[in-house]
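Asker: My structure is stored as entry37.cif, with mmCIF, C-alpha atoms (C1' of nucleotides).
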data_entry
#
loop_
_atom_site.label_atom_id
_atom_site.label_comp_id
_atom_site.auth_asym_id
_atom_site.auth_seq_id
_atom_site.Cartn_x
_atom_site.Cartn_y
_atom_site.Cartn_z
CA MET V 1 0.00 0.00 0.00
CA PRO V 2 1.98 2.90 -1.26
CA GLU V 3 1.89 6.00 0.91
CA LEU V 4 4.13 9.04 0.84
CA PRO V 5 7.40 7.22 1.63
CA GLU V 6 6.89 4.59 -1.06
CA VAL V 7 5.98 7.22 -3.61
CA GLU V 8 8.99 9.32 -2.63
CA VAL V 9 11.35 6.35 -2.93
CA LEU V 10 9.89 5.63 -6.34
CA ARG V 11 10.26 9.28 -7.34
CA ARG V 12 13.92 9.28 -6.39
CA HIS V 13 14.44 6.20 -8.45
CA LEU V 14 12.51 7.32 -11.53
CA ASP V 15 13.83 10.88 -11.72
CA PRO V 16 17.32 10.01 -13.02
CA VAL V 17 16.03 7.03 -15.00
CA LEU V 18 13.51 9.06 -16.99
CA SER V 19 15.02 12.52 -17.16
CA GLY V 20 16.15 13.44 -20.65
CA ARG V 21 14.31 10.61 -22.34
CA ILE V 22 11.82 11.22 -25.13
CA VAL V 23 8.40 9.61 -25.41
CA ARG V 24 8.17 7.64 -28.60
CA SER V 25 4.76 6.02 -28.19
CA VAL V 26 1.83 5.74 -25.80
CA GLU V 27 -0.37 2.69 -25.46
CA VAL V 28 -3.37 2.82 -23.15
CA ARG V 29 -4.63 -0.61 -22.27
CA ARG V 30 -7.03 0.47 -19.53
CA PRO V 31 -8.68 3.76 -20.43
CA ARG V 32 -10.18 3.84 -16.94
CA VAL V 33 -6.85 4.70 -15.33
CA ILE V 34 -6.28 7.79 -17.48
CA ARG V 35 -9.77 9.13 -16.81
CA PRO V 36 -10.82 11.86 -17.35
CA THR V 37 -8.09 12.41 -19.94
CA PRO V 38 -9.08 11.06 -23.39
CA VAL V 39 -6.64 8.62 -24.96
CA ALA V 40 -6.06 10.87 -27.97
CA GLU V 41 -5.28 13.81 -25.75
CA LEU V 42 -2.78 11.89 -23.65
CA THR V 43 -1.05 10.53 -26.72
CA ALA V 44 -0.92 13.90 -28.44
CA ALA V 45 0.52 15.56 -25.35
CA LEU V 46 3.19 12.97 -24.65
CA VAL V 47 4.52 11.66 -27.94
CA GLY V 48 7.62 13.63 -28.80
CA ALA V 49 7.87 15.20 -25.34
CA ARG V 50 10.99 14.89 -23.21
CA PHE V 51 10.99 13.99 -19.50
CA ARG V 52 12.60 16.74 -17.48
CA SER V 53 12.03 15.69 -13.88
CA VAL V 54 9.86 13.60 -11.61
CA GLY V 55 8.33 15.34 -8.61
CA ARG V 56 5.88 14.39 -5.91
CA ARG V 57 2.90 15.96 -4.17
CA GLY V 58 1.34 13.89 -1.41
CA LYS V 59 0.90 10.44 -2.92
CA TYR V 60 0.97 11.79 -6.47
CA LEU V 61 3.92 11.57 -8.80
CA VAL V 62 4.29 14.62 -11.03
CA PHE V 63 6.12 14.05 -14.29
CA ASP V 64 7.40 17.22 -15.90
CA LEU V 65 7.90 17.01 -19.64
CA GLU V 66 8.82 19.50 -22.30
CA ARG V 67 7.64 19.66 -25.88
CA GLY V 68 9.46 21.19 -28.78
CA GLY V 69 9.36 24.94 -28.39
CA GLY V 70 9.51 24.70 -24.65
CA ALA V 71 5.85 24.05 -23.93
CA GLY V 72 5.42 22.18 -20.67
CA VAL V 73 3.39 19.04 -20.12
CA ARG V 74 2.55 17.60 -16.74
CA LEU V 75 1.59 14.01 -16.22
CA TYR V 76 0.13 12.93 -12.88
CA GLY V 77 0.43 9.43 -11.49
CA HIS V 78 -1.20 7.82 -8.47
CA LEU V 79 -0.43 4.24 -7.49
CA GLY V 80 -3.75 3.62 -5.79
CA MET V 81 -3.50 0.44 -3.80
CA THR V 82 -1.48 -1.79 -6.04
CA GLY V 83 0.12 0.35 -8.72
CA ARG V 84 3.69 -0.01 -9.92
CA MET V 85 5.72 2.04 -12.34
CA TYR V 86 8.99 0.98 -13.80
CA VAL V 87 11.19 0.81 -16.87
CA GLN V 88 11.78 -2.53 -18.50
CA PRO V 89 13.19 -3.83 -21.78
CA ALA V 90 10.69 -3.47 -24.63
CA ALA V 91 11.18 -7.08 -25.61
CA LEU V 92 9.99 -8.32 -22.24
CA GLU V 93 6.45 -9.59 -21.84
CA LEU V 94 4.12 -7.06 -20.22
CA PRO V 95 2.53 -7.95 -16.90
CA ARG V 96 -1.12 -8.97 -16.93
CA HIS V 97 -2.53 -5.75 -15.54
CA THR V 98 -0.46 -3.31 -17.52
CA SER V 99 -2.50 -0.15 -17.87
CA VAL V 100 -0.27 2.23 -19.79
CA VAL V 101 2.90 1.61 -21.81
CA ILE V 102 5.14 4.52 -22.73
CA GLY V 103 7.73 3.69 -25.36
CA LEU V 104 11.01 5.49 -24.75
CA ASP V 105 13.50 6.88 -27.25
CA GLY V 106 15.56 4.28 -28.99
CA GLY V 107 12.74 1.81 -28.67
CA ASN V 108 14.64 -0.59 -26.48
CA GLU V 109 12.81 0.21 -23.27
CA VAL V 110 9.32 1.04 -22.09
CA PHE V 111 8.07 2.88 -19.03
CA LEU V 112 4.96 1.19 -17.78
CA PHE V 113 2.18 1.59 -15.29
CA GLU V 114 0.80 -1.65 -13.96
CA ASP V 115 -2.10 -1.81 -11.53
CA PRO V 116 -4.06 -4.99 -10.80
CA ARG V 117 -6.96 -3.21 -9.11
CA TYR V 118 -7.09 -0.22 -11.43
CA PHE V 119 -7.48 2.11 -8.45
CA GLY V 120 -4.51 4.16 -9.61
CA ARG V 121 -4.44 7.09 -12.00
CA PHE V 122 -2.16 8.23 -14.78
CA ASN V 123 -3.41 11.34 -16.52
CA LEU V 124 -3.14 15.04 -17.31
CA ASP V 125 -5.71 16.19 -14.77
CA PRO V 126 -4.25 18.39 -12.01
CA THR V 127 -7.58 18.86 -10.21
CA PRO V 128 -7.11 16.32 -7.40
CA LEU V 129 -3.86 17.97 -6.35
CA GLY V 130 -5.60 21.27 -5.78
CA GLY V 131 -7.35 20.02 -2.67
CA LEU V 132 -4.28 18.60 -0.99
CA GLY V 133 -3.15 19.85 2.39
CA PRO V 134 0.46 20.72 3.25
CA GLU V 135 3.36 18.40 2.63
CA PRO V 136 4.05 16.74 5.99
CA LEU V 137 7.79 17.12 5.55
CA GLY V 138 7.52 20.71 4.33
CA ALA V 139 7.76 23.96 6.23
CA ASP V 140 4.06 24.74 5.97
CA PHE V 141 2.99 21.72 8.00
CA THR V 142 3.02 23.76 11.19
CA ILE V 143 1.79 23.01 14.69
CA ALA V 144 -0.37 26.11 14.60
CA GLY V 145 -1.90 25.17 11.27
CA LEU V 146 -2.55 21.61 12.32
CA ALA V 147 -4.01 22.73 15.64
CA MET V 148 -6.42 25.01 13.84
CA VAL V 149 -7.69 22.23 11.60
CA LEU V 150 -7.97 19.73 14.42
CA ARG V 151 -9.91 22.15 16.60
CA ARG V 152 -12.68 22.21 14.01
CA SER V 153 -13.19 18.48 13.75
CA ALA V 154 -15.02 16.00 15.91
CA ARG V 155 -13.73 13.05 13.90
CA PRO V 156 -11.23 10.63 15.42
CA ILE V 157 -7.66 11.89 15.04
CA LYS V 158 -6.65 8.82 13.02
CA VAL V 159 -9.34 9.46 10.44
CA VAL V 160 -8.33 13.13 10.24
CA LEU V 161 -4.67 12.26 9.69
CA MET V 162 -5.70 10.23 6.66
CA ASP V 163 -7.67 13.13 5.24
CA GLN V 164 -5.54 14.34 2.34
CA THR V 165 -6.88 17.88 2.68
CA VAL V 166 -5.45 18.05 6.21
CA VAL V 167 -2.00 16.72 5.38
CA ALA V 168 -0.94 15.14 2.09
CA GLY V 169 0.46 11.64 1.90
CA VAL V 170 -0.40 9.92 5.17
CA GLY V 171 -2.27 6.66 4.64
CA ASN V 172 -3.60 3.88 6.79
CA ILE V 173 -0.30 2.34 7.83
CA TYR V 174 1.61 5.46 8.79
CA ALA V 175 -1.40 7.05 10.50
CA SER V 176 -1.48 4.15 12.97
CA GLU V 177 2.29 4.16 13.35
CA ALA V 178 2.52 7.90 13.95
CA LEU V 179 -0.17 7.86 16.62
CA PHE V 180 1.56 5.01 18.42
CA ARG V 181 4.76 7.01 18.49
CA ALA V 182 2.92 10.09 19.66
CA GLY V 183 1.17 8.14 22.41
CA VAL V 184 -2.23 9.41 21.27
CA SER V 185 -5.27 7.17 20.93
CA PRO V 186 -6.57 6.93 17.36
CA ARG V 187 -10.08 7.15 18.82
CA LYS V 188 -9.60 10.53 20.39
CA ALA V 189 -11.65 13.28 18.78
CA ALA V 190 -9.36 15.62 16.89
CA ARG V 191 -10.67 18.68 18.70
CA ARG V 192 -9.88 17.17 22.08
CA LEU V 193 -6.14 16.88 21.55
CA ARG V 194 -4.14 19.08 23.88
CA SER V 195 -1.52 21.41 22.42
CA VAL V 196 1.31 19.18 23.51
CA GLU V 197 -0.37 16.24 21.79
CA VAL V 198 -0.81 18.16 18.56
CA GLY V 199 2.90 18.89 18.63
CA ARG V 200 3.76 15.27 19.27
CA VAL V 201 1.47 14.06 16.49
CA ARG V 202 3.02 16.44 14.00
CA GLU V 203 6.53 15.48 15.02
CA SER V 204 5.70 11.76 14.95
CA VAL V 205 4.21 11.98 11.47
CA ARG V 206 7.37 13.68 10.24
CA GLU V 207 9.69 11.22 11.94
CA ILE V 208 7.83 8.13 10.80
CA LEU V 209 7.69 9.28 7.19
CA THR V 210 11.33 10.35 7.18
CA GLU V 211 12.51 7.05 8.61
CA ALA V 212 10.41 5.09 6.15
CA ILE V 213 11.91 7.01 3.24
CA LEU V 214 15.42 6.42 4.53
CA CYS V 215 14.67 2.76 5.01
CA GLY V 216 13.31 2.44 1.51
CA SER V 217 16.17 4.23 -0.10
CA THR V 218 18.65 2.17 1.90
CA LEU V 219 17.33 -0.91 0.19
CA PRO V 220 18.44 -1.83 -3.32
CA LEU V 221 15.96 -0.49 -5.86
CA ASP V 222 17.09 -2.88 -8.54
CA PHE V 223 15.02 -5.79 -7.51
CA GLY V 224 15.93 -9.11 -9.04
CA GLY V 225 13.76 -12.15 -9.32
CA GLY V 226 10.43 -10.39 -9.47
CA ARG V 227 9.53 -11.95 -12.77
CA ASP V 228 11.50 -14.40 -14.81
CA GLY V 229 14.53 -13.62 -12.73
CA LEU V 230 14.74 -10.23 -14.39
CA PHE V 231 15.03 -6.81 -12.88
CA TYR V 232 12.17 -4.46 -12.45
CA TYR V 233 11.56 -1.30 -10.55
CA GLY V 234 8.71 0.10 -8.55
CA ALA V 235 7.53 1.46 -5.28
CA VAL V 236 6.13 -1.86 -4.29
CA ALA V 237 9.36 -3.56 -5.22
CA ALA V 238 11.31 -0.97 -3.31
CA ALA V 239 9.23 -1.02 -0.19
CA SER V 240 6.27 -3.29 0.21
CA GLU V 241 7.65 -6.39 -1.39
CA LEU V 242 10.98 -6.10 0.26
CA GLY V 243 8.70 -5.58 3.23
CA GLY V 244 7.66 -9.12 2.62
CA SER V 245 11.08 -9.86 3.99
CA GLU V 246 11.36 -8.94 7.64
CA PHE V 247 13.12 -5.69 7.03
CA TYR V 248 10.08 -3.58 6.34
CA THR V 249 7.46 -5.15 8.54
CA GLU V 250 9.88 -5.25 11.42
CA ARG V 251 9.76 -1.48 11.51
CA LEU V 252 6.03 -1.38 12.01
CA ARG V 253 5.14 -1.25 15.70
CA VAL V 254 1.37 -1.67 15.57
CA TYR V 255 0.13 -2.00 11.99
CA ASP V 256 -1.16 -5.51 11.27
CA ARG V 257 0.01 -6.69 14.69
CA ALA V 258 -3.34 -7.32 16.34
CA GLY V 259 -2.91 -9.64 19.31
CA GLU V 260 0.85 -9.26 19.45
CA PRO V 261 2.37 -7.68 22.56
CA CYS V 262 3.14 -3.97 22.43
CA GLU V 263 6.90 -3.63 22.37
CA ARG V 264 6.74 -0.87 24.96
CA CYS V 265 4.41 -2.35 27.55
CA GLY V 266 3.50 -5.86 26.48
CA THR V 267 -0.23 -5.21 26.22
CA ALA V 268 -1.89 -6.89 23.23
CA ILE V 269 -2.21 -4.62 20.21
CA ARG V 270 -5.81 -3.97 19.28
CA ARG V 271 -7.47 -3.77 15.90
CA ILE V 272 -10.52 -1.57 15.48
CA VAL V 273 -12.35 -0.28 12.43
CA GLN V 274 -12.62 3.46 11.81
CA ALA V 275 -14.29 4.92 8.73
CA THR V 276 -14.33 1.37 7.29
CA ARG V 277 -10.56 1.01 7.68
CA SER V 278 -8.43 -1.01 10.08
CA THR V 279 -6.69 0.86 12.85
CA PHE V 280 -4.10 -0.73 15.14
CA TYR V 281 -3.02 0.66 18.50
CA CYS V 282 -1.97 -0.03 22.05
CA ALA V 283 -4.74 0.96 24.44
CA GLN V 284 -2.20 1.14 27.27
CA CYS V 285 0.36 3.42 25.61
CA GLN V 286 -2.09 5.54 23.62
CA LYS V 287 -4.57 7.62 25.58
"C1'" DA H 1 -21.43 21.43 5.44
"C1'" DA H 2 -19.21 17.98 7.63
"C1'" DC H 3 -18.96 13.47 7.53
"C1'" DG H 4 -20.28 8.54 6.87
"C1'" DC H 5 -20.34 5.10 3.62
"C1'" DC H 6 -20.64 2.74 -0.86
"C1'" DG H 7 -18.47 1.27 -5.19
"C1'" DC H 8 -14.70 0.46 -7.81
"C1'" DC H 9 -11.25 -3.72 -8.56
"C1'" DT H 10 -8.46 -8.27 -8.14
"C1'" DG H 11 -5.52 -11.28 -5.42
"C1'" DA H 12 -4.54 -13.47 -1.09
"C1'" DT H 13 -6.33 -15.87 2.47
"C1'" DC H 14 -9.72 -18.30 5.14
"C1'" DG H 15 -13.29 -21.68 6.24
"C1'" DC H 16 -16.00 -25.51 5.15
"C1'" DT I 1 -8.20 -30.52 -2.51
"C1'" DG I 2 -11.25 -27.08 -4.16
"C1'" DC I 3 -14.04 -23.43 -4.20
"C1'" DG I 4 -16.83 -19.68 -2.65
"C1'" DA I 5 -16.77 -15.91 0.80
"C1'" DT I 6 -14.28 -12.41 2.86
"C1'" DC I 7 -10.93 -8.92 3.34
"C1'" DA I 8 -7.62 -5.39 1.86
"C1'" DG I 9 -8.13 0.05 1.11
"C1'" DG I 10 -7.38 5.22 -1.67
"C1'" DC I 11 -10.48 8.04 -3.24
"C1'" DG I 12 -14.55 10.02 -5.84
"C1'" DG I 13 -19.15 10.60 -5.32
"C1'" DC I 14 -23.38 10.64 -3.12
"C1'" DG I 15 -26.66 10.82 0.68
"C1'" DT I 16 -27.86 12.70 5.21
#
Give the structure from this file in structure tokens form.
Answerer:
Amino acid sequence: MPELPEVEVLRRHLDPVLSGRIVRSVEVRRPRVIRPTPVAELTAALVGARFRSVGRRGKYLVFDLERGGGAGVRLYGHLGMTGRMYVQPAALELPRHTSVVIGLDGGNEVFLFEDPRYFGRFNLDPTPLGGLGPEPLGADFTIAGLAMVLRRSARPIKVVLMDQTVVAGVGNIYASEALFRAGVSPRKAARRLRSVEVGRVRESVREILTEAILCGSTLPLDFGGGRDGLFYYGAVAAASELGGSEFYTERLRVYDRAGEPCERCGTAIRRIVQATRSTFYCAQCQK
DNA sequence: AACGCCGCCTGATCGC
DNA sequence: TGCGATCAGGCGGCGT
């Protein structure tokens, strides 16, 4: 489940891989994922354009391209739940749920977006980014700003942390993890957090995300053996799948650990459902 | 108007 | 062993 750290790790990988390369072709296999952009529009905008840089906003990847004459094109990508993006040899068989294939200059390689559940997006529509809250690792994610938003909401703090208009990029896993670190119950109404708790929540979110990024980027991004013993790249490869090995899951203190003893106090970790999503926490350590 | 909740999707896992 | 049911959840949209 890609959240900000996984997207950031992927961004850091893709930026040097794609920068300078020219789009030679565009094949849309699942029009749904480029919605609302029409296929013809996407193709017309991208073919002939050159990748300049790969940025990130919340959980969105922002691909900056340039057309002849200097006109800019921006492509937005969202991995949804199961999306992957990577460059592979053009001769290689495409994965089953390949949604978009971008042929790169030379014709030897393709940049592809694969997404089994088709929850992800890959289009020219900037609208969803307009509603995003501050970047959690940026300067405008302030205690005062967060306190102001929290004061207005009666929703549980965990649900609010996942609200992308409040802060951009925190998902289900890191919301639980940050609240454990902050020692704040996920059930507590946002408006009832004391000032000191707001400060701890903000700091915990930043620490958790920063550590996750460092962890991801510490791992090798060239991931062998994914398919046919060949190399492929992607956020899931970089983080979640390597998480299949102990390295990643070992870092998680509460997520998906229902019934296991809290590492701080030994109390069994609880699983509850909030806004139809699983939340994990230690009722002893988080008040 | 804030907020709860459904639907979209398929793969992994669980229970019988 | 096999197969159907359930769960996983980001986010847009809709209903209250």
Asker: Give me, as an NGL selection string, the residues of chain V touching chain H, with the criterion being at most 12 Å (counting only C-alpha atoms (C1' of nucleotides)).
Answerer: :V and (32-33 or 80-82 or 96-97 or 115-120 or 152-156 or 159-160 or 163 or 274-277)
Asker: For V:Gln286, which residue out of V:Cys262, V:Val273, V:Ala212, V:Leu4 is the nearest one, using only C-alpha atoms?
Answerer: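 Ranking V:Cys262, V:Val273, V:Ala212, V:Leu4 by distance to V:Gln286, first place goes to V:Cys262.
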Asker: Determine the residue set returned by the PyMOL selection byres ((chain I) within 9 of (chain V)) for the present structure, and present it as a list in words.
Answerer: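 What the PyMOL selection byres ((chain I) within 9 of (chain V)) grabs from the file is DG9, DG10 and DC11 of chain I.
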Asker: Restrict the selected residues to C-alpha atoms (C1' of nucleotides) and save them as an mmCIF file, in the coordinates of the input.
Answerer:
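Saved result, again_20.cif, follows:
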data_model
loop_
_atom_site.group_PDB
_atom_site.id
_atom_site.type_symbol
_atom_site.label_atom_id
_atom_site.label_comp_id
_atom_site.auth_asym_id
_atom_site.auth_seq_id
_atom_site.Cartn_x
_atom_site.Cartn_y
_atom_site.Cartn_z
ATOM 1 C "C1'" DG I 9 -8.130 0.050 1.110
ATOM 2 C "C1'" DG I 10 -7.380 5.220 -1.670
ATOM 3 C "C1'" DC I 11 -10.480 8.040 -3.240
#
Asker: Would you compute the distance between atom CA of V:Asp15 and atom CA of V:Ala45? Give it in Å to one decimal.
Answerer: 19.6 Å
Asker: Output the residue selection produced by the PyMOL selection byres ((chain V and resi 106-113) around 8) on the file above, formatted as a list of chain:residue names.
Answerer: V:Arg24, V:Gly83, V:Arg84, V:Met85, V:Tyr86, V:Val87, V:Gln88, V:Pro89, V:Ala90, V:Ala91, V:Thr98, V:Ser99, V:Val100, V:Val101, V:Ile102, V:Gly103, V:Leu104, V:Asp105, V:Glu114, V:Asp115, V:Phe122
Asker: Could you write out the selected residues, including C-alpha atoms, as a PDB file, in the coordinates of the input?
Answerer:
ATOM      1  CA  ARG V  24       8.170   7.640 -28.600  1.00  0.00           C
ATOM      2  CA  GLY V  83       0.120   0.350  -8.720  1.00  0.00           C
ATOM      3  CA  ARG V  84       3.690  -0.010  -9.920  1.00  0.00           C
ATOM      4  CA  MET V  85       5.720   2.040 -12.340  1.00  0.00           C
ATOM      5  CA  TYR V  86       8.990   0.980 -13.800  1.00  0.00           C
ATOM      6  CA  VAL V  87      11.190   0.810 -16.870  1.00  0.00           C
ATOM      7  CA  GLN V  88      11.780  -2.530 -18.500  1.00  0.00           C
ATOM      8  CA  PRO V  89      13.190  -3.830 -21.780  1.00  0.00           C
ATOM      9  CA  ALA V  90      10.690  -3.470 -24.630  1.00  0.00           C
ATOM     10  CA  ALA V  91      11.180  -7.080 -25.610  1.00  0.00           C
ATOM     11  CA  THR V  98      -0.460  -3.310 -17.520  1.00  0.00           C
ATOM     12  CA  SER V  99      -2.500  -0.150 -17.870  1.00  0.00           C
ATOM     13  CA  VAL V 100      -0.270   2.230 -19.790  1.00  0.00           C
ATOM     14  CA  VAL V 101       2.900   1.610 -21.810  1.00  0.00           C
ATOM     15  CA  ILE V 102       5.140   4.520 -22.730  1.00  0.00           C
ATOM     16  CA  GLY V 103       7.730   3.690 -25.360  1.00  0.00           C
ATOM     17  CA  LEU V 104      11.010   5.490 -24.750  1.00  0.00           C
ATOM     18  CA  ASP V 105      13.500   6.880 -27.250  1.00  0.00           C
ATOM     19  CA  GLU V 114       0.800  -1.650 -13.960  1.00  0.00           C
ATOM     20  CA  ASP V 115      -2.100  -1.810 -11.530  1.00  0.00           C
ATOM     21  CA  PHE V 122      -2.160   8.230 -14.780  1.00  0.00           C
TER      22      PHE V 122
END
Asker: So what do you get for atom CA of V:Thr43 versus atom C1' of I:DG12, distance-wise?
Answerer: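 For atom CA of V:Thr43 relative to atom C1' of I:DG12, the distance reads 24.9 Å.
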Asker: Writing N, CA and C atoms (P, O5', C5', C4', C3', O3' and C1' of nucleotides) and nothing else, produce stretch 2-14 of chain I as an mmCIF file, in the first residue's frame.
Answerer:
data_model
loop_
_atom_site.group_PDB
_atom_site.id
_atom_site.type_symbol
_atom_site.label_atom_id
_atom_site.label_comp_id
_atom_site.auth_asym_id
_atom_site.auth_seq_id
_atom_site.Cartn_x
_atom_site.Cartn_y
_atom_site.Cartn_z
ATOM 1 P P DG I 2 -7.537 -29.686 -6.366
ATOM 2 O "O5'" DG I 2 -8.882 -29.082 -5.774
ATOM 3 C "C5'" DG I 2 -10.105 -29.799 -5.935
ATOM 4 C "C4'" DG I 2 -11.235 -28.826 -5.721
ATOM 5 C "C3'" DG I 2 -11.070 -27.501 -6.463
ATOM 6 O "O3'" DG I 2 -12.346 -27.086 -6.921
ATOM 7 C "C1'" DG I 2 -11.253 -27.078 -4.159
ATOM 8 P P DC I 3 -12.532 -26.075 -8.068
ATOM 9 O "O5'" DC I 3 -13.833 -25.314 -7.608
ATOM 10 C "C5'" DC I 3 -14.700 -25.898 -6.623
ATOM 11 C "C4'" DC I 3 -15.162 -24.825 -5.665
ATOM 12 C "C3'" DC I 3 -15.160 -23.412 -6.253
ATOM 13 O "O3'" DC I 3 -16.375 -22.779 -5.949
ATOM 14 C "C1'" DC I 3 -14.044 -23.431 -4.196
ATOM 15 P P DG I 4 -16.972 -21.650 -6.919
ATOM 16 O "O5'" DG I 4 -17.836 -20.806 -5.889
ATOM 17 C "C5'" DG I 4 -18.714 -21.461 -4.984
ATOM 18 C "C4'" DG I 4 -18.652 -20.775 -3.632
ATOM 19 C "C3'" DG I 4 -18.909 -19.262 -3.690
ATOM 20 O "O3'" DG I 4 -19.761 -18.923 -2.610
ATOM 21 C "C1'" DG I 4 -16.827 -19.680 -2.648
ATOM 22 P P DA I 5 -20.372 -17.458 -2.469
ATOM 23 O "O5'" DA I 5 -19.568 -16.931 -1.198
ATOM 24 C "C5'" DA I 5 -19.686 -17.641 0.035
ATOM 25 C "C4'" DA I 5 -18.870 -16.946 1.104
ATOM 26 C "C3'" DA I 5 -19.083 -15.434 1.194
ATOM 27 O "O3'" DA I 5 -19.198 -15.079 2.563
ATOM 28 C "C1'" DA I 5 -16.774 -15.907 0.800
ATOM 29 P P DT I 6 -19.466 -13.557 2.999
ATOM 30 O "O5'" DT I 6 -17.995 -13.074 3.361
ATOM 31 C "C5'" DT I 6 -17.189 -13.875 4.227
ATOM 32 C "C4'" DT I 6 -15.821 -13.254 4.371
ATOM 33 C "C3'" DT I 6 -15.829 -11.723 4.503
ATOM 34 O "O3'" DT I 6 -15.076 -11.363 5.643
ATOM 35 C "C1'" DT I 6 -14.277 -12.409 2.860
ATOM 36 P P DC I 7 -15.156 -9.857 6.210
ATOM 37 O "O5'" DC I 7 -13.679 -9.368 5.882
ATOM 38 C "C5'" DC I 7 -12.581 -10.222 6.180
ATOM 39 C "C4'" DC I 7 -11.346 -9.701 5.506
ATOM 40 C "C3'" DC I 7 -11.176 -8.179 5.580
ATOM 41 O "O3'" DC I 7 -9.871 -7.886 6.037
ATOM 42 C "C1'" DC I 7 -10.933 -8.924 3.340
ATOM 43 P P DA I 8 -9.602 -6.481 6.755
ATOM 44 O "O5'" DA I 8 -8.673 -5.767 5.693
ATOM 45 C "C5'" DA I 8 -7.451 -6.373 5.308
ATOM 46 C "C4'" DA I 8 -6.947 -5.734 4.043
ATOM 47 C "C3'" DA I 8 -7.271 -4.240 3.957
ATOM 48 O "O3'" DA I 8 -6.192 -3.483 4.487
ATOM 49 C "C1'" DA I 8 -7.625 -5.388 1.856
ATOM 50 P P DG I 9 -6.489 -2.180 5.301
ATOM 51 O "O5'" DG I 9 -6.677 -1.088 4.164
ATOM 52 C "C5'" DG I 9 -5.572 -0.783 3.301
ATOM 53 C "C4'" DG I 9 -6.081 0.059 2.167
ATOM 54 C "C3'" DG I 9 -6.878 1.303 2.618
ATOM 55 O "O3'" DG I 9 -6.516 2.413 1.820
ATOM 56 C "C1'" DG I 9 -8.131 0.051 1.107
ATOM 57 P P DG I 10 -5.580 3.527 2.430
ATOM 58 O "O5'" DG I 10 -5.474 4.513 1.199
ATOM 59 C "C5'" DG I 10 -4.683 4.182 0.064
ATOM 60 C "C4'" DG I 10 -5.093 5.033 -1.114
ATOM 61 C "C3'" DG I 10 -5.549 6.439 -0.778
ATOM 62 O "O3'" DG I 10 -5.148 7.289 -1.842
ATOM 63 C "C1'" DG I 10 -7.383 5.222 -1.665
ATOM 64 P P DC I 11 -5.463 8.835 -1.791
ATOM 65 O "O5'" DC I 11 -6.879 8.965 -2.499
ATOM 66 C "C5'" DC I 11 -7.028 8.497 -3.834
ATOM 67 C "C4'" DC I 11 -8.474 8.579 -4.244
ATOM 68 C "C3'" DC I 11 -9.194 9.881 -3.856
ATOM 69 O "O3'" DC I 11 -9.910 10.305 -4.980
ATOM 70 C "C1'" DC I 11 -10.479 8.041 -3.241
ATOM 71 P P DG I 12 -10.140 11.840 -5.254
ATOM 72 O "O5'" DG I 12 -11.413 11.804 -6.212
ATOM 73 C "C5'" DG I 12 -11.487 10.828 -7.253
ATOM 74 C "C4'" DG I 12 -12.940 10.457 -7.498
ATOM 75 C "C3'" DG I 12 -13.912 11.632 -7.459
ATOM 76 O "O3'" DG I 12 -14.856 11.462 -8.507
ATOM 77 C "C1'" DG I 12 -14.550 10.023 -5.838
ATOM 78 P P DG I 13 -15.914 12.599 -8.815
ATOM 79 O "O5'" DG I 13 -17.246 12.009 -8.171
ATOM 80 C "C5'" DG I 13 -17.645 10.684 -8.482
ATOM 81 C "C4'" DG I 13 -18.808 10.303 -7.600
ATOM 82 C "C3'" DG I 13 -19.847 11.408 -7.411
ATOM 83 O "O3'" DG I 13 -21.142 10.848 -7.533
ATOM 84 C "C1'" DG I 13 -19.146 10.604 -5.318
ATOM 85 P P DC I 14 -22.370 11.784 -7.890
ATOM 86 O "O5'" DC I 14 -23.496 11.174 -6.957
ATOM 87 C "C5'" DC I 14 -23.439 9.798 -6.562
ATOM 88 C "C4'" DC I 14 -23.932 9.650 -5.139
ATOM 89 C "C3'" DC I 14 -25.061 10.612 -4.755
ATOM 90 O "O3'" DC I 14 -26.086 9.886 -4.124
ATOM 91 C "C1'" DC I 14 -23.380 10.636 -3.122
#
